[in-house]
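This is upload.cif (mmCIF, C-alpha atoms and all ligand atoms).
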```
data_final
loop_
_atom_site.label_atom_id
_atom_site.label_comp_id
_atom_site.auth_asym_id
_atom_site.auth_seq_id
_atom_site.Cartn_x
_atom_site.Cartn_y
_atom_site.Cartn_z
CA MET H 384 135.62 102.39 86.01
CA LYS H 385 138.65 100.63 84.49
CA THR H 386 142.24 101.57 85.23
CA GLU H 387 142.91 102.74 81.66
CA ASP H 388 139.94 105.16 81.79
CA ILE H 389 141.33 107.04 84.77
CA ARG H 390 142.95 110.37 83.95
CA ARG H 391 141.62 112.96 86.39
CA ILE H 392 142.42 112.54 90.05
CA LEU H 393 140.86 114.70 92.76
CA ILE H 394 142.28 114.97 96.26
CA ALA H 395 139.68 116.29 98.74
CA GLY H 396 141.61 118.00 101.55
CA GLY H 397 144.94 119.72 100.85
CA GLY H 398 146.55 119.33 104.28
CA MET H 399 149.66 117.43 105.27
CA MET H 400 148.60 114.14 103.63
CA GLY H 401 146.60 115.62 100.74
CA LYS H 402 149.53 117.58 99.28
CA ASN H 403 151.86 114.58 99.35
CA ILE H 404 149.19 112.29 97.88
CA ALA H 405 148.61 114.83 95.08
CA PHE H 406 152.34 114.77 94.33
CA VAL H 407 152.32 110.94 94.18
CA PHE H 408 149.63 110.93 91.47
CA THR H 409 151.61 113.38 89.30
CA SER H 410 154.21 110.65 88.77
CA LYS H 411 152.07 109.34 85.89
CA PRO H 412 152.36 111.90 83.07
CA GLU H 413 148.80 111.18 81.85
CA TYR H 414 147.25 112.16 85.17
CA MET H 415 145.83 115.62 85.83
CA VAL H 416 145.60 116.14 89.58
CA SER H 417 143.31 118.56 91.40
CA VAL H 418 143.04 119.41 95.06
CA TYR H 419 139.81 120.65 96.63
CA ASP H 420 139.90 122.20 100.11
CA MET H 421 137.45 124.36 102.06
CA TYR H 422 140.29 126.86 102.68
CA GLU H 423 142.88 128.40 100.34
CA VAL H 424 145.98 126.19 100.32
CA ASP H 425 149.17 126.82 98.33
CA VAL H 426 149.45 123.18 97.29
CA ARG H 427 152.30 123.68 94.81
CA GLU H 428 154.42 125.54 97.35
CA GLY H 429 153.68 122.86 99.96
CA ILE H 430 154.79 120.13 97.55
CA ARG H 431 157.95 122.10 96.65
CA LYS H 432 158.81 122.30 100.36
CA ASN H 433 158.08 118.62 101.06
CA THR H 434 160.08 117.42 98.05
CA ALA H 435 163.08 119.78 98.45
CA GLU H 436 165.28 116.94 99.74
CA LEU H 437 164.38 114.75 96.72
CA VAL H 438 165.46 117.58 94.39
CA ARG H 439 168.58 118.37 96.44
CA ARG H 440 169.70 114.75 96.15
CA GLY H 441 168.94 114.60 92.42
CA ILE H 442 166.22 111.94 92.81
CA ILE H 443 163.95 114.18 90.78
CA SER H 444 165.17 117.16 88.80
CA ALA H 445 163.86 120.69 89.37
CA GLU H 446 162.45 120.59 85.80
CA GLU H 447 160.61 117.32 86.44
CA LEU H 448 159.16 118.72 89.66
CA GLU H 449 157.91 121.85 87.85
CA GLU H 450 156.41 119.74 85.02
CA ARG H 451 154.59 117.64 87.62
CA LEU H 452 153.40 120.72 89.51
CA GLY H 453 152.11 122.11 86.20
CA ARG H 454 149.54 119.28 86.25
CA VAL H 455 148.28 120.19 89.75
CA SER H 456 145.23 122.48 90.08
CA PHE H 457 143.50 123.77 93.19
CA THR H 458 139.96 124.85 93.98
CA THR H 459 137.88 125.84 96.99
CA ASP H 460 134.73 125.54 94.86
CA ILE H 461 132.97 122.20 95.22
CA ASP H 462 130.98 123.00 92.07
CA SER H 463 134.17 123.37 90.03
CA PRO H 464 134.56 121.20 86.90
CA LEU H 465 137.72 119.88 88.61
CA VAL H 466 135.39 118.16 91.10
CA LYS H 467 132.64 117.18 88.66
CA GLU H 468 134.98 115.63 86.11
CA ALA H 469 137.15 113.59 88.50
CA ASP H 470 137.50 109.88 87.69
CA LEU H 471 139.00 108.95 91.06
CA VAL H 472 138.77 110.86 94.33
CA VAL H 473 141.03 110.39 97.36
CA GLU H 474 139.60 112.07 100.44
CA ALA H 475 142.05 113.40 103.05
CA VAL H 476 139.93 115.84 105.09
CA TYR H 477 139.85 115.91 108.91
CA GLU H 478 139.66 112.58 110.73
CA ASP H 479 136.03 113.04 111.72
CA MET H 480 133.22 110.68 110.69
CA ASP H 481 130.60 113.41 110.16
CA VAL H 482 132.99 115.60 108.15
CA LYS H 483 133.98 112.66 105.95
CA ARG H 484 130.38 111.50 105.40
CA ALA H 485 129.28 115.06 104.56
CA THR H 486 132.21 115.48 102.15
CA PHE H 487 131.35 112.26 100.29
CA ALA H 488 127.63 113.16 100.20
CA LYS H 489 128.55 116.44 98.45
CA LEU H 490 130.95 114.67 96.12
CA GLU H 491 128.43 111.98 95.14
CA GLU H 492 125.91 114.68 94.26
CA ARG H 493 128.40 116.33 91.90
CA CYS H 494 130.86 113.76 90.58
CA ARG H 495 130.44 111.50 87.55
CA ALA H 496 128.16 108.52 88.17
CA ASP H 497 131.03 106.05 87.69
CA ALA H 498 133.72 107.87 89.72
CA ILE H 499 135.67 105.86 92.30
CA PHE H 500 135.82 107.25 95.84
CA CYS H 501 138.61 106.48 98.31
CA THR H 502 139.22 107.56 101.88
CA ASN H 503 142.65 108.04 103.41
CA SER H 504 141.35 107.61 106.95
CA SER H 505 144.02 106.01 109.12
CA VAL H 506 141.60 104.30 111.50
CA MET H 507 137.98 104.80 110.54
CA SER H 508 135.98 102.06 108.86
CA PRO H 509 135.35 102.54 105.12
CA THR H 510 132.06 100.66 105.59
CA ALA H 511 130.93 103.27 108.13
CA ILE H 512 132.21 106.26 106.11
CA SER H 513 130.38 105.10 102.95
CA ARG H 514 127.20 104.14 104.84
CA ASP H 515 124.96 106.78 103.24
CA LEU H 516 126.33 106.65 99.70
CA GLU H 517 124.25 105.32 96.83
CA HIS H 518 127.22 103.64 95.16
CA LYS H 519 129.00 101.99 98.08
CA GLU H 520 130.49 99.43 95.69
CA ARG H 521 132.71 102.11 94.16
CA PHE H 522 134.18 103.13 97.52
CA ALA H 523 137.35 101.80 99.21
CA GLY H 524 139.91 102.76 101.82
CA THR H 525 143.34 103.87 100.57
CA HIS H 526 145.50 104.26 103.64
CA PHE H 527 148.66 106.15 102.69
CA TRP H 528 151.37 106.32 105.34
CA ASN H 529 153.05 109.53 106.43
CA PRO H 530 155.13 110.94 104.72
CA GLY H 531 152.83 109.97 101.86
CA HIS H 532 155.26 110.84 99.09
CA LEU H 533 157.98 108.58 100.56
CA ILE H 534 156.45 105.53 102.27
CA PRO H 535 155.60 103.06 99.49
CA LEU H 536 152.79 101.13 101.22
CA VAL H 537 149.15 101.97 100.65
CA GLU H 538 146.59 99.70 102.27
CA VAL H 539 143.59 99.27 99.98
CA VAL H 540 140.79 98.42 102.35
CA LYS H 541 137.64 96.71 101.12
CA SER H 542 134.51 97.81 102.92
CA ASP H 543 131.63 95.35 103.31
CA PHE H 544 130.37 96.69 99.97
CA THR H 545 133.47 97.42 97.86
CA SER H 546 133.28 95.52 94.57
CA ASP H 547 136.20 93.37 93.41
CA GLU H 548 136.42 95.53 90.30
CA THR H 549 136.81 98.74 92.35
CA ALA H 550 139.47 97.17 94.57
CA GLN H 551 141.36 95.93 91.51
CA THR H 552 141.25 99.31 89.74
CA VAL H 553 142.45 101.12 92.86
CA MET H 554 145.30 98.61 93.32
CA GLU H 555 146.33 99.03 89.67
CA VAL H 556 146.22 102.83 89.76
CA LEU H 557 148.35 102.94 92.92
CA ALA H 558 150.89 100.53 91.43
CA ALA H 559 151.01 102.70 88.29
CA VAL H 560 152.07 105.73 90.37
CA GLY H 561 154.88 103.78 92.04
CA LYS H 562 153.20 102.77 95.29
CA LYS H 563 153.17 99.31 96.87
CA PRO H 564 149.44 98.65 97.32
CA VAL H 565 148.32 95.75 99.51
CA LEU H 566 144.76 94.50 99.77
CA CYS H 567 143.09 94.37 103.18
CA LYS H 568 140.23 91.97 102.45
CA LYS H 569 138.22 92.78 105.59
CA ASP H 570 137.24 96.10 107.12
CA VAL H 571 138.92 95.67 110.53
CA PRO H 572 140.27 98.34 112.93
CA GLY H 573 143.96 99.01 112.23
CA PHE H 574 143.74 97.31 108.81
CA ILE H 575 146.96 95.25 108.39
CA ALA H 576 150.09 97.19 109.25
CA ASN H 577 148.83 99.26 112.20
CA ARG H 578 147.56 96.12 113.93
CA MET H 579 151.12 94.80 113.90
CA GLN H 580 152.73 98.15 114.65
CA HIS H 581 150.59 98.75 117.72
CA ALA H 582 151.00 95.18 118.99
CA LEU H 583 154.72 96.04 119.09
CA TRP H 584 154.15 99.45 120.73
CA ARG H 585 151.97 97.81 123.41
CA GLU H 586 154.75 95.35 124.27
CA ALA H 587 157.45 98.07 124.12
CA ILE H 588 155.54 100.33 126.53
CA SER H 589 154.79 97.37 128.81
CA ILE H 590 158.52 96.51 129.05
CA VAL H 591 159.25 100.11 130.17
CA GLU H 592 156.28 100.15 132.54
CA HIS H 593 157.40 96.94 134.25
CA GLY H 594 160.99 98.15 134.67
CA ILE H 595 162.44 95.42 132.44
CA ALA H 596 164.40 98.02 130.45
CA ASP H 597 164.37 101.79 130.10
CA ALA H 598 162.79 103.53 127.09
CA GLU H 599 166.03 104.16 125.22
CA THR H 600 167.12 100.53 125.68
CA VAL H 601 163.82 99.26 124.26
CA ASP H 602 164.40 101.32 121.09
CA THR H 603 168.03 100.20 120.86
CA ALA H 604 167.00 96.55 121.17
CA VAL H 605 164.65 96.91 118.18
CA LYS H 606 166.96 99.03 115.99
CA TYR H 607 169.93 96.68 116.38
CA SER H 608 168.12 93.33 116.03
CA PHE H 609 164.95 92.35 114.22
CA GLY H 610 164.39 95.96 113.13
CA LEU H 611 167.35 95.55 110.77
CA ARG H 612 165.89 92.39 109.26
CA LEU H 613 162.32 93.57 108.81
CA PRO H 614 162.67 95.43 105.48
CA GLN H 615 164.08 92.22 103.99
CA LEU H 616 162.33 89.45 105.92
CA GLY H 617 158.70 89.78 107.04
CA PRO H 618 157.47 87.98 110.18
CA ILE H 619 155.70 85.23 108.27
CA GLU H 620 158.72 84.58 106.05
CA ASN H 621 160.82 84.54 109.22
CA ALA H 622 158.53 81.96 110.84
CA ASP H 623 158.83 79.78 107.74
CA MET H 624 162.60 80.25 107.72
CA VAL H 625 163.02 78.97 111.28
CA GLY H 626 160.28 76.37 110.84
CA MET H 627 156.96 75.54 112.48
CA ASP H 628 158.49 73.45 115.26
CA LEU H 629 160.65 76.25 116.60
CA THR H 630 157.93 78.88 116.09
CA TRP H 631 155.40 76.67 117.90
CA ASN H 632 157.78 75.92 120.79
CA ILE H 633 158.65 79.62 121.25
CA HIS H 634 154.99 80.68 121.17
CA ASP H 635 153.97 77.88 123.51
CA TYR H 636 156.57 79.08 126.03
CA ILE H 637 156.38 82.87 125.67
CA LEU H 638 152.82 83.88 124.70
CA PRO H 639 151.42 83.58 128.28
CA TYR H 640 153.91 86.27 129.37
CA LEU H 641 153.32 88.84 126.60
CA GLU H 642 151.28 91.99 127.17
CA ASP H 643 147.66 91.42 126.16
CA SER H 644 145.92 94.44 127.69
CA HIS H 645 142.86 95.74 125.85
CA GLU H 646 143.35 99.24 127.23
CA PRO H 647 146.07 101.88 126.78
CA SER H 648 148.90 101.36 129.27
CA PRO H 649 148.64 103.00 132.73
CA LEU H 650 152.12 104.50 132.14
CA LEU H 651 150.95 106.08 128.88
CA ALA H 652 147.84 107.41 130.64
CA GLN H 653 149.98 108.88 133.44
CA LEU H 654 152.37 110.67 131.05
CA ARG H 655 149.40 112.03 129.15
CA LYS H 656 147.84 113.31 132.39
CA GLU H 657 151.11 115.02 133.34
CA GLY H 658 151.17 116.84 129.99
CA LYS H 659 154.28 114.97 128.86
CA GLN H 660 153.46 114.94 125.16
CA GLY H 661 156.80 113.82 123.73
CA PHE H 662 158.52 116.01 121.09
CA LYS H 663 155.81 118.68 121.50
CA THR H 664 156.67 119.39 125.16
CA GLY H 665 160.24 118.07 125.36
CA GLU H 666 159.36 114.98 127.38
CA GLY H 667 157.40 111.77 126.85
CA PHE H 668 158.82 108.34 127.60
CA ARG H 669 162.18 110.07 126.98
CA LYS H 670 163.42 113.68 127.26
CA TRP H 671 163.96 115.66 124.01
CA THR H 672 165.58 119.05 123.41
CA PRO H 673 164.05 120.96 120.46
CA GLU H 674 167.26 120.23 118.49
CA GLU H 675 167.08 116.49 119.21
CA ALA H 676 163.43 116.39 118.24
CA GLU H 677 164.10 118.24 114.96
CA ARG H 678 167.15 116.11 114.15
CA THR H 679 165.22 112.89 114.79
CA SER H 680 162.53 113.93 112.28
CA GLU H 681 165.13 115.05 109.70
CA ASP H 682 167.16 111.87 110.14
CA LEU H 683 164.02 109.81 109.55
CA ASN H 684 163.28 111.53 106.22
CA SER H 685 166.89 111.20 105.16
CA TYR H 686 166.97 107.50 106.13
CA LEU H 687 163.73 106.82 104.24
CA ILE H 688 165.15 108.43 101.08
CA ASP H 689 168.33 106.33 101.44
CA MET H 690 166.29 103.15 101.88
CA ILE H 691 163.73 103.81 99.15
CA TYR H 692 165.92 105.40 96.48
CA GLY H 693 169.28 103.96 97.46
CA LYS H 694 170.91 107.42 97.53
N1 LIG K 701 148.80 112.77 109.52
C1 LIG K 701 149.12 111.48 109.35
O1 LIG K 701 150.17 110.98 109.79
C2 LIG K 701 148.17 110.60 108.59
C3 LIG K 701 148.60 109.37 108.11
C4 LIG K 701 147.71 108.58 107.37
C5 LIG K 701 146.43 109.01 107.17
N2 LIG K 701 146.01 110.22 107.68
C6 LIG K 701 144.63 110.64 107.43
O2 LIG K 701 144.59 111.60 106.38
C7 LIG K 701 143.51 112.51 106.60
C8 LIG K 701 144.06 113.93 106.57
O3 LIG K 701 145.04 114.07 107.56
P1 LIG K 701 146.07 115.30 107.55
O4 LIG K 701 147.10 114.96 108.57
O5 LIG K 701 146.47 115.63 106.16
O6 LIG K 701 145.13 116.46 108.12
P2 LIG K 701 145.30 118.04 107.94
O7 LIG K 701 144.56 118.65 109.08
O8 LIG K 701 146.73 118.42 107.70
O9 LIG K 701 144.51 118.36 106.57
C9 LIG K 701 143.12 118.25 106.43
C10 LIG K 701 142.70 119.22 105.33
O10 LIG K 701 141.33 118.99 105.04
C11 LIG K 701 140.68 120.24 104.88
N3 LIG K 701 139.28 120.03 105.20
C12 LIG K 701 138.74 119.72 106.40
N4 LIG K 701 137.41 119.59 106.28
C13 LIG K 701 137.12 119.77 104.99
C14 LIG K 701 135.91 119.73 104.24
N5 LIG K 701 134.74 119.48 104.84
N6 LIG K 701 135.97 119.97 102.91
C15 LIG K 701 137.15 120.24 102.31
N7 LIG K 701 138.32 120.29 102.95
C16 LIG K 701 138.30 120.05 104.28
C17 LIG K 701 141.40 121.18 105.84
O11 LIG K 701 141.23 122.53 105.47
C18 LIG K 701 142.85 120.70 105.73
O12 LIG K 701 143.55 121.41 104.71
C19 LIG K 701 142.86 112.10 107.91
O13 LIG K 701 141.78 111.24 107.64
C20 LIG K 701 143.96 111.33 108.61
O14 LIG K 701 143.52 110.39 109.54
C21 LIG K 701 146.86 111.02 108.36
#
```
Can you turn what I pasted into structure tokens?
Amino acid sequence: MKTEDIRRILIAGGGMMGKNIAFVFTSKPEYMVSVYDMYEVDVREGIRKNTAELVRRGIISAEELEERLGRVSFTTDIDSPLVKEADLVVEAVYEDMDVKRATFAKLEERCRADAIFCTNSSVMSPTAISRDLEHKERFAGTHFWNPGHLIPLVEVVKSDFTSDETAQTVMEVLAAVGKKPVLCKKDVPGFIANRMQHALWREAISIVEHGIADAETVDTAVKYSFGLRLPQLGPIENADMVGMDLTWNIHDYILPYLEDSHEPSPLLAQLRKEGKQGFKTGEGFRKWTPEEAERTSEDLNSYLIDMIYGK
């Protein structure tokens, strides 16, 4: 299916990610957006709640929000015309291989023969999820980041079978609704951004574990140094900026000392065993009062809106 033929978007799974993804697709006035879930979900109310800060700051008006919500429908009936007539489906059901495969099997039985199917799985392989489908070439990963209505990046992940045409259409549709799609050309665990993010987390945890710095200091070191540069200068641009000689010399000296464990850190395992679950229990690597935990989440949303919308 070509980009210009796409009008009806179906989101399968109206949970935390599904609602925000539905909202994203309403940014194109031509799109009619439906959400299918096995349980009743008040999708419109959920979107109103998640976007309240955008309205409060005047980034979208209350009228625009209501117009966009007017193009959102909901069904618990998999045999609904909303399902059968969808041009493009984004699945955001539970992160479980069997549940995802069963969902796509039901969708393929009912949807148009040329519909495009996407999965929002954060870690599971699109090749494995689409294994039993007849039209694997019209299937791709679309990894939205949480909160899906704010973070611009969506990783479009090609499975071993995704056609170039499908990948291109999905990239174009996501760009048309204001996202920043990037193409992950190979179906690898962690896709692109999580591979880098978790390489950093592994090193950060290792520094704490080895007593080089405490947890708060590790975060401070990131926030007040290269963390500030990252939105403007990616790591590859940075390597080019300083040059291959310097990059090579630094890597030659430092790489033997960096954490390269292929298992979760023993410190992480210990905290987990002790029930120290971070914000949820008030202690993880650091201690958190309920107020601090809530403020940290609120400050993040507020910061993201400042960064993305400049207000
Ligand atoms: N939460 C995150 O930070 C995040 C980020 C990126 C991607 N993801 C991925 O998005 C997907 C959804 O995550 P979430 O956090 O929104 O989960 P969630 O639990 O909030 O929502 C899942 C929704 O799917 C529905 N559902 C489950 N099985 C279903 C089925 N068989 N048919 C129809 N509906 C069904 C549930 O009723 C629920 O409303 C997962 O694959 C997850 O890995 C999550």
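With distances taken over all atoms listed in the file, H:Val426 is the one residue among H:Val426, H:Ala523, H:Ile443, H:Met624 lying closest to ligand LIG 701 (chain K).
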Test item: residues no farther than 7 Å from ligand LIG 701 (chain K), counting all atoms listed in the file, as a PDB file with C-alpha atoms, in the frame of the given file:
```pdb
ATOM      1  CA  ALA H 395     139.680 116.290  98.740  1.00  0.00           C
ATOM      2  CA  GLY H 396     141.610 118.000 101.550  1.00  0.00           C
ATOM      3  CA  GLY H 397     144.940 119.720 100.850  1.00  0.00           C
ATOM      4  CA  GLY H 398     146.550 119.330 104.280  1.00  0.00           C
ATOM      5  CA  MET H 399     149.660 117.430 105.270  1.00  0.00           C
ATOM      6  CA  MET H 400     148.600 114.140 103.630  1.00  0.00           C
ATOM      7  CA  GLY H 401     146.600 115.620 100.740  1.00  0.00           C
ATOM      8  CA  TYR H 419     139.810 120.650  96.630  1.00  0.00           C
ATOM      9  CA  ASP H 420     139.900 122.200 100.110  1.00  0.00           C
ATOM     10  CA  MET H 421     137.450 124.360 102.060  1.00  0.00           C
ATOM     11  CA  TYR H 422     140.290 126.860 102.680  1.00  0.00           C
ATOM     12  CA  VAL H 424     145.980 126.190 100.320  1.00  0.00           C
ATOM     13  CA  ALA H 475     142.050 113.400 103.050  1.00  0.00           C
ATOM     14  CA  VAL H 476     139.930 115.840 105.090  1.00  0.00           C
ATOM     15  CA  TYR H 477     139.850 115.910 108.910  1.00  0.00           C
ATOM     16  CA  GLU H 478     139.660 112.580 110.730  1.00  0.00           C
ATOM     17  CA  VAL H 482     132.990 115.600 108.150  1.00  0.00           C
ATOM     18  CA  LYS H 483     133.980 112.660 105.950  1.00  0.00           C
ATOM     19  CA  THR H 486     132.210 115.480 102.150  1.00  0.00           C
ATOM     20  CA  ASN H 503     142.650 108.040 103.410  1.00  0.00           C
ATOM     21  CA  SER H 504     141.350 107.610 106.950  1.00  0.00           C
ATOM     22  CA  SER H 505     144.020 106.010 109.120  1.00  0.00           C
ATOM     23  CA  VAL H 506     141.600 104.300 111.500  1.00  0.00           C
ATOM     24  CA  HIS H 526     145.500 104.260 103.640  1.00  0.00           C
ATOM     25  CA  PHE H 527     148.660 106.150 102.690  1.00  0.00           C
ATOM     26  CA  TRP H 528     151.370 106.320 105.340  1.00  0.00           C
ATOM     27  CA  ASN H 529     153.050 109.530 106.430  1.00  0.00           C
TER      28      ASN H 529
END
```
Quiz prompt | Closest of H:Arg440, H:Arg431, H:Arg669, H:Lys402 to Asp597 in chain H - atom-to-atom distances counting all atoms listed in the file | solution = H:Arg669
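From CA of Ile588 in chain H back to CA of Ser644 in chain H, the distance works out to 11.3 Å.
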Quiz prompt | Best match for closeness to Glu592 in chain H among H:Glu387, H:Glu620, H:Glu423, H:Glu642, counting only C-alpha atoms | solution = H:Glu642
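Considering all atoms listed in the file, the residue among H:Cys494, H:Ile595, H:Leu613, H:Asp479 positioned nearest to Pro464 in chain H is H:Cys494.
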Could you name the residues that touch Ala559 in chain H at 10 Å or less, counting all atoms listed in the file, but leaving out those on the same chain fewer than 5 positions away, as a PDB file with C-alpha atoms, in the coordinates of the input?
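Okay, part.pdb is ready:
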```pdb
ATOM      1  CA  THR H 386     142.240 101.570  85.230  1.00  0.00           C
ATOM      2  CA  PHE H 408     149.630 110.930  91.470  1.00  0.00           C
ATOM      3  CA  SER H 410     154.210 110.650  88.770  1.00  0.00           C
ATOM      4  CA  LYS H 411     152.070 109.340  85.890  1.00  0.00           C
ATOM      5  CA  VAL H 553     142.450 101.120  92.860  1.00  0.00           C
ATOM      6  CA  MET H 554     145.300  98.610  93.320  1.00  0.00           C
TER       7      MET H 554
END
```
Could you give me, as a PDB file with C-alpha atoms, in the frame of the given file, the residues within 9 Å of Arg484 in chain H, counting only C-alpha atoms and dropping anything in the same chain fewer than 5 positions from it?
```
ATOM      1  CA  ASP H 479     136.030 113.040 111.720  1.00  0.00           C
ATOM      2  CA  LYS H 489     128.550 116.440  98.450  1.00  0.00           C
ATOM      3  CA  ALA H 511     130.930 103.270 108.130  1.00  0.00           C
ATOM      4  CA  ILE H 512     132.210 106.260 106.110  1.00  0.00           C
ATOM      5  CA  SER H 513     130.380 105.100 102.950  1.00  0.00           C
ATOM      6  CA  ARG H 514     127.200 104.140 104.840  1.00  0.00           C
ATOM      7  CA  ASP H 515     124.960 106.780 103.240  1.00  0.00           C
ATOM      8  CA  LEU H 516     126.330 106.650  99.700  1.00  0.00           C
TER       9      LEU H 516
END
```
Practice problem: Name the residues within 12 Å of (145.1, 110.1, 87.6), counting only C-alpha atoms in the file's coordinates, and put them as a PyMOL selection string. | Solution: chain H and resi 385-394+404-417+454-455+468-473+498-499+552-553+555-560
Would you save the residues from that selection as a compact mmCIF listing (two decimals), in the frame of the given file, using C-alpha atoms?
```
# COMPACT_ATOMS: atom_id res chain seq x y z
CA LYS H 385 138.65 100.63 84.49
CA THR H 386 142.24 101.57 85.23
CA GLU H 387 142.91 102.74 81.66
CA ASP H 388 139.94 105.16 81.79
CA ILE H 389 141.33 107.04 84.77
CA ARG H 390 142.95 110.37 83.95
CA ARG H 391 141.62 112.96 86.39
CA ILE H 392 142.42 112.54 90.05
CA LEU H 393 140.86 114.70 92.76
CA ILE H 394 142.28 114.97 96.26
CA ILE H 404 149.19 112.29 97.88
CA ALA H 405 148.61 114.83 95.08
CA PHE H 406 152.34 114.77 94.33
CA VAL H 407 152.32 110.94 94.18
CA PHE H 408 149.63 110.93 91.47
CA THR H 409 151.61 113.38 89.30
CA SER H 410 154.21 110.65 88.77
CA LYS H 411 152.07 109.34 85.89
CA PRO H 412 152.36 111.90 83.07
CA GLU H 413 148.80 111.18 81.85
CA TYR H 414 147.25 112.16 85.17
CA MET H 415 145.83 115.62 85.83
CA VAL H 416 145.60 116.14 89.58
CA SER H 417 143.31 118.56 91.40
CA ARG H 454 149.54 119.28 86.25
CA VAL H 455 148.28 120.19 89.75
CA GLU H 468 134.98 115.63 86.11
CA ALA H 469 137.15 113.59 88.50
CA ASP H 470 137.50 109.88 87.69
CA LEU H 471 139.00 108.95 91.06
CA VAL H 472 138.77 110.86 94.33
CA VAL H 473 141.03 110.39 97.36
CA ALA H 498 133.72 107.87 89.72
CA ILE H 499 135.67 105.86 92.30
CA THR H 552 141.25 99.31 89.74
CA VAL H 553 142.45 101.12 92.86
CA GLU H 555 146.33 99.03 89.67
CA VAL H 556 146.22 102.83 89.76
CA LEU H 557 148.35 102.94 92.92
CA ALA H 558 150.89 100.53 91.43
CA ALA H 559 151.01 102.70 88.29
CA VAL H 560 152.07 105.73 90.37
```
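CA of Tyr686 in chain H is found 21.3 Å from CA of Gly661 in chain H.
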Quiz item: With only C-alpha atoms as the atoms that count, which of H:Val539, H:Arg521, H:Ile461, H:Leu683 lies nearest to Glu492 in chain H?
Solution: H:Ile461
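Put simply, CA of His634 in chain H is 22.5 Å away from CA of Lys606 in chain H.
Closest approach to Gln580 in chain H from the set H:Pro535, H:Gly610, H:Ile633, H:Ala598 is made by H:Gly610, with distances taken over all atoms listed in the file.
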Assuming 5 Å of padding per side, give the centre and edge lengths of the axis-aligned box around every listed atom of range 608-611 of chain H, in Å to one decimal and as AutoDock Vina command-line options.
```
--center_x 166.3 --center_y 94.2 --center_z 113.4 --size_x 13.7 --size_y 13.6 --size_z 15.3
```
Can you pull range 397-419 of chain H out of that block with C-alpha atoms and hand it back as a PDB file, in the first residue's frame?
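Dumped everything to result32.pdb:
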```pdb
ATOM      1  CA  GLY H 397      -5.341   0.787  24.041  1.00  0.00           C
ATOM      2  CA  GLY H 398      -2.980   0.789  27.034  1.00  0.00           C
ATOM      3  CA  MET H 399      -0.323   3.304  27.985  1.00  0.00           C
ATOM      4  CA  MET H 400       1.414   3.284  24.578  1.00  0.00           C
ATOM      5  CA  GLY H 401      -1.660   2.617  22.421  1.00  0.00           C
ATOM      6  CA  LYS H 402      -3.528   5.744  23.557  1.00  0.00           C
ATOM      7  CA  ASN H 403      -0.559   8.024  22.920  1.00  0.00           C
ATOM      8  CA  ILE H 404       0.139   6.417  19.543  1.00  0.00           C
ATOM      9  CA  ALA H 405      -3.528   6.913  18.585  1.00  0.00           C
ATOM     10  CA  PHE H 406      -3.194  10.597  19.481  1.00  0.00           C
ATOM     11  CA  VAL H 407      -0.056  10.918  17.299  1.00  0.00           C
ATOM     12  CA  PHE H 408      -1.912   9.657  14.210  1.00  0.00           C
ATOM     13  CA  THR H 409      -4.727  12.199  14.695  1.00  0.00           C
ATOM     14  CA  SER H 410      -2.234  14.964  13.873  1.00  0.00           C
ATOM     15  CA  LYS H 411      -2.988  14.366  10.177  1.00  0.00           C
ATOM     16  CA  PRO H 412      -6.533  15.653   9.565  1.00  0.00           C
ATOM     17  CA  GLU H 413      -7.178  13.029   6.849  1.00  0.00           C
ATOM     18  CA  TYR H 414      -6.586  10.138   9.238  1.00  0.00           C
ATOM     19  CA  MET H 415      -9.413   8.325  11.015  1.00  0.00           C
ATOM     20  CA  VAL H 416      -7.974   6.473  13.994  1.00  0.00           C
ATOM     21  CA  SER H 417      -9.489   3.458  15.740  1.00  0.00           C
ATOM     22  CA  VAL H 418      -8.379   1.583  18.811  1.00  0.00           C
ATOM     23  CA  TYR H 419      -9.191  -2.088  19.368  1.00  0.00           C
TER      24      TYR H 419
END
```
